[in-house]
Number of protein chains: 4
Amino acid sequence: MIIVLKPGTQDADIEDVCRRIEGLGLRAHVSRGEQRTVIGAIGDDRFKARLQALEALECVESMVPILQPFKLASRDVRATDTIVEVDGVRIGGPYLAVMAGPCSVESQEQLRTIAEGVKAAGAHILRGGAFKPRTSPYAFQGLEEEGLRLLAAARKETGLPVVTEVLEPDKVGVVAEYADILQIGARNTQNFSLLKEVGQCGKPVLLKRGMATTIKEFLLSAEYILAGGNPNVILCERGIRTFETTTRFTLDLNAVPVIKKLSHLPVVVDPSHGTGHWEYVAPMAKAGLACGADGLMIEVHHRPAEALSDGPQSLKPDKFARLMGELRVLAQAIGRLL
Amino acid sequence: MIIVLKPGTQDADIEDVCRRIEGLGLRAHVSRGEQRTVIGAIGDDRFKARLQALEALECVESMVPILQPFKLASRDVRATDTIVEVDGVRIGGPYLAVMAGPCSVESQEQLRTIAEGVKAAGAHILRGGAFKPRTSPYAFQGLEEEGLRLLAAARKETGLPVVTEVLEPDKVGVVAEYADILQIGARNTQNFSLLKEVGQCGKPVLLKRGMATTIKEFLLSAEYILAGGNPNVILCERGIRTFETTTRFTLDLNAVPVIKKLSHLPVVVDPSHGTGHWEYVAPMAKAGLACGADGLMIEVHHRPAEALSDGPQSLKPDKFARLMGELRVLAQAIGRLL
Amino acid sequence: MIIVLKPGTQDADIEDVCRRIEGLGLRAHVSRGEQRTVIGAIGDDRFKARLQALEALECVESMVPILQPFKLASRDVRATDTIVEVDGVRIGGPYLAVMAGPCSVESQEQLRTIAEGVKAAGAHILRGGAFKPRTSPYAFQGLEEEGLRLLAAARKETGLPVVTEVLEPDKVGVVAEYADILQIGARNTQNFSLLKEVGQCGKPVLLKRGMATTIKEFLLSAEYILAGGNPNVILCERGIRTFETTTRFTLDLNAVPVIKKLSHLPVVVDPSHGTGHWEYVAPMAKAGLACGADGLMIEVHHRPAEALSDGPQSLKPDKFARLMGELRVLAQAIGRLL
Amino acid sequence: MIIVLKPGTQDADIEDVCRRIEGLGLRAHVSRGEQRTVIGAIGDDRFKARLQALEALECVESMVPILQPFKLASRDVRATDTIVEVDGVRIGGPYLAVMAGPCSVESQEQLRTIAEGVKAAGAHILRGGAFKPRTSPYAFQGLEEEGLRLLAAARKETGLPVVTEVLEPDKVGVVAEYADILQIGARNTQNFSLLKEVGQCGKPVLLKRGMATTIKEFLLSAEYILAGGNPNVILCERGIRTFETTTRFTLDLNAVPVIKKLSHLPVVVDPSHGTGHWEYVAPMAKAGLACGADGLMIEVHHRPAEALSDGPQSLKPDKFARLMGELRVLAQAIGRLL
């Protein structure tokens, strides 16, 4: 951490800052420039969150972090790519995986039809929501545990592992019973109670980036799960909030190479939420792979105009199958295994 | 809802859209213009979330909502201002209230010192966090239940009602035992499980706006609590995420008159989180009252450079007391009761 | 345009709104719903900007546009892709083009070295700035006309057409004398005087999206040029301002398929400005092509650590050559001609 | 400037960075920490824009500026508030000023009516646009020089000094002939050619913040004018682009105390553009003064539903007069002179 002092700071104040830094177990290193005096707090300050409070001192102009605030998620700790394996499906390193299925599980017939469609098209993992976070209290809230049972049945029939969202800490147990991967949704990226709980669940976690979460905060949320003892975290870029309104969110694909540089964890892209319109899903799915993502999460529905949620952004099974064909050609061109 | 069709849409498709609208219990009204045909779906579509799925039809160009998506929170249902009363303190209508105290409860001595300070300065409600949502897993996570007990003790000593944050649905009960107002923080504005739970807790709720929550989504989150049977919701603007980096967040004071126009619920402003720096708290507190807010939430700490959280944005008690004096003059100038 | 009236609006006010609509040469169509009365203003309102003023009436709750505000730039007017041709290089339809070169023209030796490098690697067009818009008045402001002459010399030596930025309306003439394509930079996307001038310059225009320009506004800026009589407009997505700070801007690749749907104009992507760091240029260049862009604009410098501008985001010639090889494989996989 | 090196950087590379720093006339100061080596570049780097290019070196992880990039605009150079005086009206220090009038000058009758109205209500300066930057090429583009003559006539009749916008460098001369203050609009905040020109015009300049301009960039734009020799710059916060859509822009009032801390220049607030709706103008005007702004710019029109631009955000003269009364009471409460 670099602490920049206001011009004209007295020696007594400089010594006070140094004493406080040393009181936290770090070393202080003073550098007096022409315009400003700066003090370096040397040591691993990631575990010294209290250091930040020094900004409250009247003599401090600003504080500048030098280290990334996360550790277990960083390349500093692990240089090689983490590969998450789920029931024979590998994500990360050279391996690409596609997760597909309906936004919400609506009925046995609906889930079975879609699951068979995405399996036939070559998807590797089945997605489907049983507990649904909905902006309006008047919207369909999901089939809940019945939905989990339908997902387990679909897994049995298709052989596809299942990813589904968990909304509350005390539902982690039951979701982990049925699901192969637990999904943390974009509204819960900083639900730290939930992150602590899935850090202990023993199953891989798909962590979505919140719509206003910076990449550093996103990796700090992953750090919660890793610090809980669960190394199997898959990150998911799914669009951030910006001023642009022709799309539901702005898919931040820059985040893919940035995360690849900072972290060893695999990253997948969700072009369905990232655009909000089925017509834009195929081009953005391709862009996701082209910039280095390790997989995709895509919403598919056989009757989108009757879907209980996210119909406008769902691909029909035939369009999804065509996209999978194009993705296989693309994967080969970029030297990845799909 | 207005459904805009693509140019060249066939009559059969128009009829199909109308049939689907009527199948949801609404009336369809077709208007053929020179450039586009539009279909109005007439009726109260707030309870017809499935209507949105029609956007998935290939003949649909766009869909435009006419009604606000919330109802109980809107002025359509209740024209006069809601006044929330907590232990003799009134918020809303002509009444202003100031909530002040430390970000985190750290110890009995710390809380007592600060509570006495803000009481002496004229604050109406004591704030203090026992369960803390922290971006980093390595930061202080709060005193938890011990913090709740200290808050209850401080209430006894000062007579000030207490507001404190609840993070998980299954902690609502215990927090409601100790607190007078339950706070939902900015990272939980769309934690719908938690909103449903506090909708049933029987205590007033202070609902903070998320950093990427639109005003309409914010009022839909309030709608969850109102729909659960709890009419005592206080909204809180605390800053949104933008590109500007000299402040921690961008305090969106426009939201105050906008919410006042759309909703009957009281609104308070949090200039501490909304700026992130103690030097900006006093001017933005005044601006908050000047644009019509019903109160303020302000972080106060007697030793901010040693605070376990949010030191840089905490006012010292003497600065807080001076601000309270200025606010009293301001309140009189704008005809409000502080 | 749909005009939504406040609940309880009187008949006299409804008639007044209708009269005003008809006074502008449009037809008024009243639809009385249970919750709201809405009035449709029917006709081509793109040329009726005054219509918007009706929102000032006290009885009006909101106004909702139905048509896109641009016309010449839209697919309504021209369904097939525009292909811009510059000295044998085609951009749009099946044709991809890569524009590459230094941010600023710094010297004859510098420009020649880089121009030869990008030519050898297979670039189609040479970029280079002679007039430079710089955030700080203390930064290098460009070689100005001398820079234009060096660009013309480089064109002669390499055979590559040249694209360069113009900053002021009264410099359009001189820039058009030397350049093959005139670039309008991101800070001038809404410099309407400049747009009007290049609408008359007789040369193709590369129009960059502003950092806070919505896609609709972007297409309205293109409309200025088209309405001036210049059909050869190439759009360029180069990143927008968001809260994310690990990259200089957030490259909005969603914009590529959105623009392709709304407009017939070609779109290129600038991954150099869109990321701000050379390490992210290659992955985002590939993503740009994969989602359907018609070309790329990439900054190249042989000594980036000594560049007078944008060094950190410039590729060295050997890295650029490697990227071009990868792009050729990718283009083939997606069926485009590079 | 602090240069952070990647872990494992070799001594030869460290020396290379130091040599480059010294080559630019700065001193290099190396500090080797446990996790990272950092190099301080000591000296006034505001005039060393080339320093930034070092980020292109492969051994550099990041670069962190210590000084603000502007100088003449900063409190470092001038601690006391600048007071701009225009024809007897003072802005800054203790003095508040209100600028009011129509968005566009439309006719002699229109301007005279409104000018008399705002004068009677107590406005200090008359605003009105003659050259209009319009998003659509089909919208009214202003009366141009005829508008300037009407403004001069209105000044003669009312005695109010006049502020009006200039759009192009080669129009600065003619606008300066007629106007008392030259306005640079939000779309031209980074039109550096225009900034250089008004730096030499000999009249005060009102510089609006762009909708995606950070406060630091805003002060760098002011620096262009100051560096040109013109000390009379008035800054104007008028709203930034965010995800919120119930208002036209998000008025960033945080910017007022932030600019007051960083700079000695006066700041005014434009609640008309900052909200986009006349109903929100009065509350946000009050908030602007309450947080320390030195004045306001407010759009007034006697027939807003017929205005050729910005009707929806224009106050009628009677509402403006009522607001002026409230502002006088408020100014007294906060100890300012209106």
# chains A, B, ... in the order shown; residues from 1 in each chain; ligands from 1
$ interface_residues --of "chain A" --to "chain C" --cutoff "7 Å" --atoms "only C-alpha atoms" --output "ChimeraX atom specification"
/A:214,242,244,250-252,254,257,275,280,283-284,286-288,290-292,329-330,333
$ write_last_selection --atoms "N, CA, C and O atoms" --output "PDB file, in the first residue's frame"
ATOM      1  N   THR A 214     -16.941  -5.193  -9.871  1.00  0.00           N
ATOM      2  CA  THR A 214     -15.689  -5.068 -10.609  1.00  0.00           C
ATOM      3  C   THR A 214     -15.001  -6.432 -10.655  1.00  0.00           C
ATOM      4  O   THR A 214     -15.317  -7.330  -9.861  1.00  0.00           O
ATOM      5  N   THR A 242     -24.724  -0.904 -17.784  1.00  0.00           N
ATOM      6  CA  THR A 242     -24.164   0.327 -18.337  1.00  0.00           C
ATOM      7  C   THR A 242     -25.322   1.189 -18.807  1.00  0.00           C
ATOM      8  O   THR A 242     -26.491   0.828 -18.620  1.00  0.00           O
ATOM      9  N   GLU A 244     -26.185   1.645 -21.875  1.00  0.00           N
ATOM     10  CA  GLU A 244     -26.738   1.184 -23.151  1.00  0.00           C
ATOM     11  C   GLU A 244     -28.043   0.411 -22.917  1.00  0.00           C
ATOM     12  O   GLU A 244     -28.084  -0.466 -22.067  1.00  0.00           O
ATOM     13  N   THR A 250     -24.567  -5.241 -20.712  1.00  0.00           N
ATOM     14  CA  THR A 250     -23.424  -5.134 -21.622  1.00  0.00           C
ATOM     15  C   THR A 250     -22.466  -6.260 -21.288  1.00  0.00           C
ATOM     16  O   THR A 250     -21.877  -6.276 -20.198  1.00  0.00           O
ATOM     17  N   LEU A 251     -22.355  -7.217 -22.197  1.00  0.00           N
ATOM     18  CA  LEU A 251     -21.459  -8.347 -21.958  1.00  0.00           C
ATOM     19  C   LEU A 251     -20.027  -7.829 -21.971  1.00  0.00           C
ATOM     20  O   LEU A 251     -19.568  -7.283 -22.971  1.00  0.00           O
ATOM     21  N   ASP A 252     -19.326  -7.975 -20.848  1.00  0.00           N
ATOM     22  CA  ASP A 252     -17.973  -7.423 -20.746  1.00  0.00           C
ATOM     23  C   ASP A 252     -16.961  -8.509 -21.093  1.00  0.00           C
ATOM     24  O   ASP A 252     -16.370  -9.134 -20.208  1.00  0.00           O
ATOM     25  N   ASN A 254     -14.042  -8.153 -22.338  1.00  0.00           N
ATOM     26  CA  ASN A 254     -12.708  -7.795 -21.832  1.00  0.00           C
ATOM     27  C   ASN A 254     -12.387  -8.585 -20.569  1.00  0.00           C
ATOM     28  O   ASN A 254     -11.224  -8.898 -20.295  1.00  0.00           O
ATOM     29  N   PRO A 257     -10.031 -12.086 -20.938  1.00  0.00           N
ATOM     30  CA  PRO A 257      -8.558 -12.071 -20.856  1.00  0.00           C
ATOM     31  C   PRO A 257      -8.026 -11.418 -19.581  1.00  0.00           C
ATOM     32  O   PRO A 257      -6.953 -11.799 -19.111  1.00  0.00           O
ATOM     33  N   THR A 275     -26.945 -10.446 -23.283  1.00  0.00           N
ATOM     34  CA  THR A 275     -27.563  -9.651 -24.345  1.00  0.00           C
ATOM     35  C   THR A 275     -29.054  -9.446 -24.097  1.00  0.00           C
ATOM     36  O   THR A 275     -29.579  -8.371 -24.372  1.00  0.00           O
ATOM     37  N   TYR A 280     -29.017 -12.206 -30.560  1.00  0.00           N
ATOM     38  CA  TYR A 280     -27.623 -11.838 -30.332  1.00  0.00           C
ATOM     39  C   TYR A 280     -26.827 -12.946 -29.636  1.00  0.00           C
ATOM     40  O   TYR A 280     -25.631 -12.793 -29.386  1.00  0.00           O
ATOM     41  N   PRO A 283     -23.858 -14.817 -32.088  1.00  0.00           N
ATOM     42  CA  PRO A 283     -22.605 -14.066 -32.286  1.00  0.00           C
ATOM     43  C   PRO A 283     -21.814 -13.863 -31.006  1.00  0.00           C
ATOM     44  O   PRO A 283     -20.580 -13.947 -31.016  1.00  0.00           O
ATOM     45  N   MET A 284     -22.482 -13.626 -29.888  1.00  0.00           N
ATOM     46  CA  MET A 284     -21.731 -13.369 -28.663  1.00  0.00           C
ATOM     47  C   MET A 284     -21.190 -14.653 -28.041  1.00  0.00           C
ATOM     48  O   MET A 284     -20.172 -14.641 -27.341  1.00  0.00           O
ATOM     49  N   LYS A 286     -19.931 -17.032 -29.899  1.00  0.00           N
ATOM     50  CA  LYS A 286     -18.690 -17.216 -30.665  1.00  0.00           C
ATOM     51  C   LYS A 286     -17.612 -16.257 -30.168  1.00  0.00           C
ATOM     52  O   LYS A 286     -16.444 -16.635 -30.017  1.00  0.00           O
ATOM     53  N   ALA A 287     -17.995 -15.016 -29.920  1.00  0.00           N
ATOM     54  CA  ALA A 287     -17.024 -14.039 -29.431  1.00  0.00           C
ATOM     55  C   ALA A 287     -16.457 -14.487 -28.088  1.00  0.00           C
ATOM     56  O   ALA A 287     -15.259 -14.329 -27.820  1.00  0.00           O
ATOM     57  N   GLY A 288     -17.299 -15.061 -27.250  1.00  0.00           N
ATOM     58  CA  GLY A 288     -16.843 -15.535 -25.943  1.00  0.00           C
ATOM     59  C   GLY A 288     -15.730 -16.563 -26.089  1.00  0.00           C
ATOM     60  O   GLY A 288     -14.675 -16.469 -25.447  1.00  0.00           O
ATOM     61  N   ALA A 290     -13.878 -17.007 -28.747  1.00  0.00           N
ATOM     62  CA  ALA A 290     -12.738 -16.445 -29.480  1.00  0.00           C
ATOM     63  C   ALA A 290     -11.798 -15.663 -28.577  1.00  0.00           C
ATOM     64  O   ALA A 290     -10.595 -15.591 -28.828  1.00  0.00           O
ATOM     65  N   CYS A 291     -12.336 -15.056 -27.510  1.00  0.00           N
ATOM     66  CA  CYS A 291     -11.446 -14.278 -26.639  1.00  0.00           C
ATOM     67  C   CYS A 291     -10.899 -15.110 -25.485  1.00  0.00           C
ATOM     68  O   CYS A 291     -10.224 -14.574 -24.616  1.00  0.00           O
ATOM     69  N   GLY A 292     -11.182 -16.411 -25.479  1.00  0.00           N
ATOM     70  CA  GLY A 292     -10.496 -17.270 -24.533  1.00  0.00           C
ATOM     71  C   GLY A 292     -11.323 -17.869 -23.412  1.00  0.00           C
ATOM     72  O   GLY A 292     -10.762 -18.497 -22.502  1.00  0.00           O
ATOM     73  N   VAL A 329     -16.521 -25.777 -35.202  1.00  0.00           N
ATOM     74  CA  VAL A 329     -15.579 -25.302 -36.225  1.00  0.00           C
ATOM     75  C   VAL A 329     -14.674 -24.223 -35.633  1.00  0.00           C
ATOM     76  O   VAL A 329     -13.454 -24.221 -35.826  1.00  0.00           O
ATOM     77  N   LEU A 330     -15.292 -23.326 -34.886  1.00  0.00           N
ATOM     78  CA  LEU A 330     -14.531 -22.235 -34.275  1.00  0.00           C
ATOM     79  C   LEU A 330     -13.496 -22.772 -33.284  1.00  0.00           C
ATOM     80  O   LEU A 330     -12.346 -22.325 -33.245  1.00  0.00           O
ATOM     81  N   ALA A 333     -10.494 -23.946 -34.923  1.00  0.00           N
ATOM     82  CA  ALA A 333      -9.683 -22.843 -35.464  1.00  0.00           C
ATOM     83  C   ALA A 333      -8.834 -22.182 -34.388  1.00  0.00           C
ATOM     84  O   ALA A 333      -7.764 -21.643 -34.675  1.00  0.00           O
TER      85      ALA A 333
END
$ select_by_dssp --residues "region 98-258 of chain B" --states "strand (DSSP E)" --output "list in words"
Val98, Met99, Ala100, Gly101, Ile125, Leu126, Arg127, Val162, Val163, Thr164, Glu165, Ile181, Leu182, Gln183, Ile184, Val205, Leu206, Leu207, Lys208, Val233, Ile234, Leu235, Cys236 and Glu237 of chain B
$ residues_around --residues "region 83-91 of chain A" --least-positions-apart "2" --cutoff "9 Å" --atoms "only C-alpha atoms" --output "PyMOL selection string"
chain A and resi 81+93-97+124-125+160-161+180-181+203-204+231-234+264-268+294-295
$ write_last_selection --atoms "C-alpha atoms" --output "CSV table (one decimal), in the first residue's frame"
chain,number,residue,atom,x,y,z
A,81,ASP,CA,-4.8,-23.1,-15.1
A,93,GLY,CA,-7.0,-25.5,-19.6
A,94,PRO,CA,-7.6,-26.8,-23.2
A,95,TYR,CA,-11.2,-28.0,-22.4
A,96,LEU,CA,-14.3,-26.2,-23.4
A,97,ALA,CA,-17.8,-27.0,-22.0
A,124,HIS,CA,-22.1,-31.1,-21.9
A,125,ILE,CA,-24.0,-29.9,-18.9
A,160,LEU,CA,-25.7,-34.8,-18.4
A,161,PRO,CA,-24.5,-33.3,-15.1
A,180,ASP,CA,-23.5,-31.5,-9.7
A,181,ILE,CA,-22.6,-27.8,-9.8
A,203,LYS,CA,-19.4,-29.6,-5.0
A,204,PRO,CA,-18.0,-27.3,-7.8
A,231,PRO,CA,-11.0,-25.2,-5.0
A,232,ASN,CA,-13.5,-25.9,-7.7
A,233,VAL,CA,-14.8,-22.5,-8.7
A,234,ILE,CA,-15.9,-21.6,-12.3
A,264,HIS,CA,-6.0,-19.4,-12.7
A,265,LEU,CA,-9.7,-20.2,-12.4
A,266,PRO,CA,-11.8,-21.1,-15.5
A,267,VAL,CA,-14.2,-18.6,-16.9
A,268,VAL,CA,-17.4,-19.2,-18.9
A,294,ASP,CA,-13.5,-21.9,-21.2
A,295,GLY,CA,-17.2,-22.5,-21.9
$ closest_atom_pairs --of "region 117-187 of chain D" --to "region 183-201 of chain C" --cutoff "9 Å" --atoms "only C-alpha atoms" --output "CSV"
residue,atom,partner,partner_atom,distance
D:Pro133,CA,C:Phe192,CA,6.3
D:Arg134,CA,C:Phe192,CA,7.4
D:Thr135,CA,C:Gln190,CA,7.1
D:Pro137,CA,C:Phe192,CA,8.4
D:Leu167,CA,C:Ser193,CA,7.4
D:Glu168,CA,C:Ser193,CA,7.1
D:Arg187,CA,C:Gln190,CA,6.2
$ select_by_dssp --residues "region 124-262 of chain D" --states "alpha helix (DSSP H)" --output "count of residues only"
49
$ atom_distance --atom1 "CA of Glu15 (chain B)" --atom2 "CA of Gly33 (chain B)"
16.5 Å
$ atom_distance --atom1 "CA of Ala79 (chain C)" --atom2 "CA of Ala222 (chain C)"
16.6 Å
$ atom_distance --atom1 "CA of Met99 (chain B)" --atom2 "CA of Met211 (chain B)"
20.6 Å
$ residues_around --residues "Glu177 (chain D)" --least-positions-apart "3" --cutoff "12 Å" --atoms "only C-alpha atoms" --output "ChimeraX atom specification"
/D:145,148-149,151-152,162-164,166,171-174,180-182,201-203
$ residues_around --residues "region 305-307 of chain D" --least-positions-apart "2" --cutoff "8 Å" --atoms "only C-alpha atoms" --output "list in words"
Arg50, Ala53, Leu54, Glu55, Ala56 and Leu57 of chain C; His301, Arg303, Ser309, Asp310, Gly311 and Pro312 of chain D
$ write_last_selection --atoms "all heavy atoms" --output "mmCIF file, in the first residue's frame"
data_model
loop_
_atom_site.group_PDB
_atom_site.id
_atom_site.type_symbol
_atom_site.label_atom_id
_atom_site.label_comp_id
_atom_site.auth_asym_id
_atom_site.auth_seq_id
_atom_site.Cartn_x
_atom_site.Cartn_y
_atom_site.Cartn_z
ATOM 1 N N ARG C 50 -40.269 18.283 -32.771
ATOM 2 C CA ARG C 50 -41.035 19.127 -31.847
ATOM 3 C C ARG C 50 -42.064 18.346 -31.052
ATOM 4 O O ARG C 50 -42.514 18.792 -29.997
ATOM 5 C CB ARG C 50 -41.746 20.240 -32.617
ATOM 6 C CG ARG C 50 -40.774 21.266 -33.162
ATOM 7 C CD ARG C 50 -41.504 22.379 -33.847
ATOM 8 N NE ARG C 50 -42.467 23.009 -32.959
ATOM 9 C CZ ARG C 50 -43.267 23.992 -33.349
ATOM 10 N NH1 ARG C 50 -43.197 24.456 -34.576
ATOM 11 N NH2 ARG C 50 -44.126 24.523 -32.492
ATOM 12 N N ALA C 53 -41.770 17.888 -27.300
ATOM 13 C CA ALA C 53 -42.100 18.945 -26.339
ATOM 14 C C ALA C 53 -43.424 18.692 -25.625
ATOM 15 O O ALA C 53 -43.685 19.264 -24.558
ATOM 16 C CB ALA C 53 -42.114 20.315 -27.029
ATOM 17 N N LEU C 54 -44.274 17.837 -26.194
ATOM 18 C CA LEU C 54 -45.563 17.569 -25.527
ATOM 19 C C LEU C 54 -45.352 16.972 -24.136
ATOM 20 O O LEU C 54 -46.244 17.045 -23.290
ATOM 21 C CB LEU C 54 -46.415 16.626 -26.378
ATOM 22 C CG LEU C 54 -46.819 17.179 -27.759
ATOM 23 C CD1 LEU C 54 -47.837 16.252 -28.420
ATOM 24 C CD2 LEU C 54 -47.402 18.590 -27.647
ATOM 25 N N GLU C 55 -44.206 16.378 -23.915
ATOM 26 C CA GLU C 55 -43.932 15.824 -22.581
ATOM 27 C C GLU C 55 -44.003 16.906 -21.514
ATOM 28 O O GLU C 55 -44.135 16.610 -20.321
ATOM 29 C CB GLU C 55 -42.552 15.163 -22.581
ATOM 30 C CG GLU C 55 -42.368 14.190 -21.430
ATOM 31 C CD GLU C 55 -40.976 13.565 -21.421
ATOM 32 O OE1 GLU C 55 -40.421 13.311 -22.508
ATOM 33 O OE2 GLU C 55 -40.453 13.346 -20.317
ATOM 34 N N ALA C 56 -43.897 18.176 -21.933
ATOM 35 C CA ALA C 56 -43.972 19.275 -20.960
ATOM 36 C C ALA C 56 -45.383 19.512 -20.442
ATOM 37 O O ALA C 56 -45.567 20.199 -19.437
ATOM 38 C CB ALA C 56 -43.435 20.565 -21.593
ATOM 39 N N LEU C 57 -46.398 18.956 -21.116
ATOM 40 C CA LEU C 57 -47.775 19.168 -20.654
ATOM 41 C C LEU C 57 -48.001 18.482 -19.310
ATOM 42 O O LEU C 57 -47.546 17.361 -19.101
ATOM 43 C CB LEU C 57 -48.762 18.617 -21.692
ATOM 44 C CG LEU C 57 -48.761 19.353 -23.033
ATOM 45 C CD1 LEU C 57 -49.601 18.586 -24.067
ATOM 46 C CD2 LEU C 57 -49.307 20.775 -22.858
ATOM 47 N N HIS D 301 -39.051 28.555 -20.023
ATOM 48 C CA HIS D 301 -39.785 28.795 -21.281
ATOM 49 C C HIS D 301 -41.231 29.095 -20.911
ATOM 50 O O HIS D 301 -41.798 28.434 -20.050
ATOM 51 C CB HIS D 301 -39.697 27.559 -22.193
ATOM 52 C CG HIS D 301 -39.992 27.856 -23.640
ATOM 53 N ND1 HIS D 301 -41.254 28.197 -24.100
ATOM 54 C CD2 HIS D 301 -39.184 27.881 -24.720
ATOM 55 C CE1 HIS D 301 -41.196 28.404 -25.416
ATOM 56 N NE2 HIS D 301 -39.936 28.223 -25.815
ATOM 57 N N ARG D 303 -43.816 28.801 -22.931
ATOM 58 C CA ARG D 303 -44.713 27.809 -23.532
ATOM 59 C C ARG D 303 -43.921 26.534 -23.815
ATOM 60 O O ARG D 303 -43.658 26.188 -24.970
ATOM 61 C CB ARG D 303 -45.306 28.356 -24.835
ATOM 62 C CG ARG D 303 -46.396 29.416 -24.595
ATOM 63 C CD ARG D 303 -47.330 29.547 -25.783
ATOM 64 N NE ARG D 303 -46.660 30.154 -26.919
ATOM 65 C CZ ARG D 303 -46.697 31.458 -27.196
ATOM 66 N NH1 ARG D 303 -47.409 32.287 -26.450
ATOM 67 N NH2 ARG D 303 -46.055 31.931 -28.224
ATOM 68 N N SER D 309 -36.791 23.071 -28.417
ATOM 69 C CA SER D 309 -35.845 22.127 -27.805
ATOM 70 C C SER D 309 -36.035 22.147 -26.302
ATOM 71 O O SER D 309 -36.359 23.179 -25.723
ATOM 72 C CB SER D 309 -34.388 22.488 -28.166
ATOM 73 O OG SER D 309 -34.062 23.767 -27.688
ATOM 74 N N ASP D 310 -35.842 20.985 -25.685
ATOM 75 C CA ASP D 310 -35.817 20.847 -24.216
ATOM 76 C C ASP D 310 -37.068 21.334 -23.502
ATOM 77 O O ASP D 310 -36.996 21.653 -22.294
ATOM 78 C CB ASP D 310 -34.589 21.583 -23.648
ATOM 79 C CG ASP D 310 -33.309 20.761 -23.834
ATOM 80 O OD1 ASP D 310 -33.389 19.620 -24.317
ATOM 81 O OD2 ASP D 310 -32.240 21.260 -23.487
ATOM 82 N N GLY D 311 -38.211 21.361 -24.181
ATOM 83 C CA GLY D 311 -39.454 21.733 -23.514
ATOM 84 C C GLY D 311 -39.695 20.977 -22.218
ATOM 85 O O GLY D 311 -39.989 21.583 -21.181
ATOM 86 N N PRO D 312 -39.547 19.638 -22.224
ATOM 87 C CA PRO D 312 -39.915 18.877 -21.030
ATOM 88 C C PRO D 312 -39.149 19.268 -19.767
ATOM 89 O O PRO D 312 -39.629 19.032 -18.665
ATOM 90 C CB PRO D 312 -39.605 17.426 -21.441
ATOM 91 C CG PRO D 312 -39.727 17.423 -22.935
ATOM 92 C CD PRO D 312 -39.237 18.775 -23.376
#
$ residues_around --residues "Leu126 (chain D)" --least-positions-apart "2" --cutoff "12 Å" --atoms "only C-alpha atoms" --output "ChimeraX atom specification"
/D:86,89,97-105,111-112,114-124,128-129,150-164,179-181,296-300
$ residues_around --residues "Arg27 (chain B)" --least-positions-apart "5" --cutoff "8 Å" --atoms "only C-alpha atoms" --output "PyMOL selection string"
chain B and resi 21-22+40-43
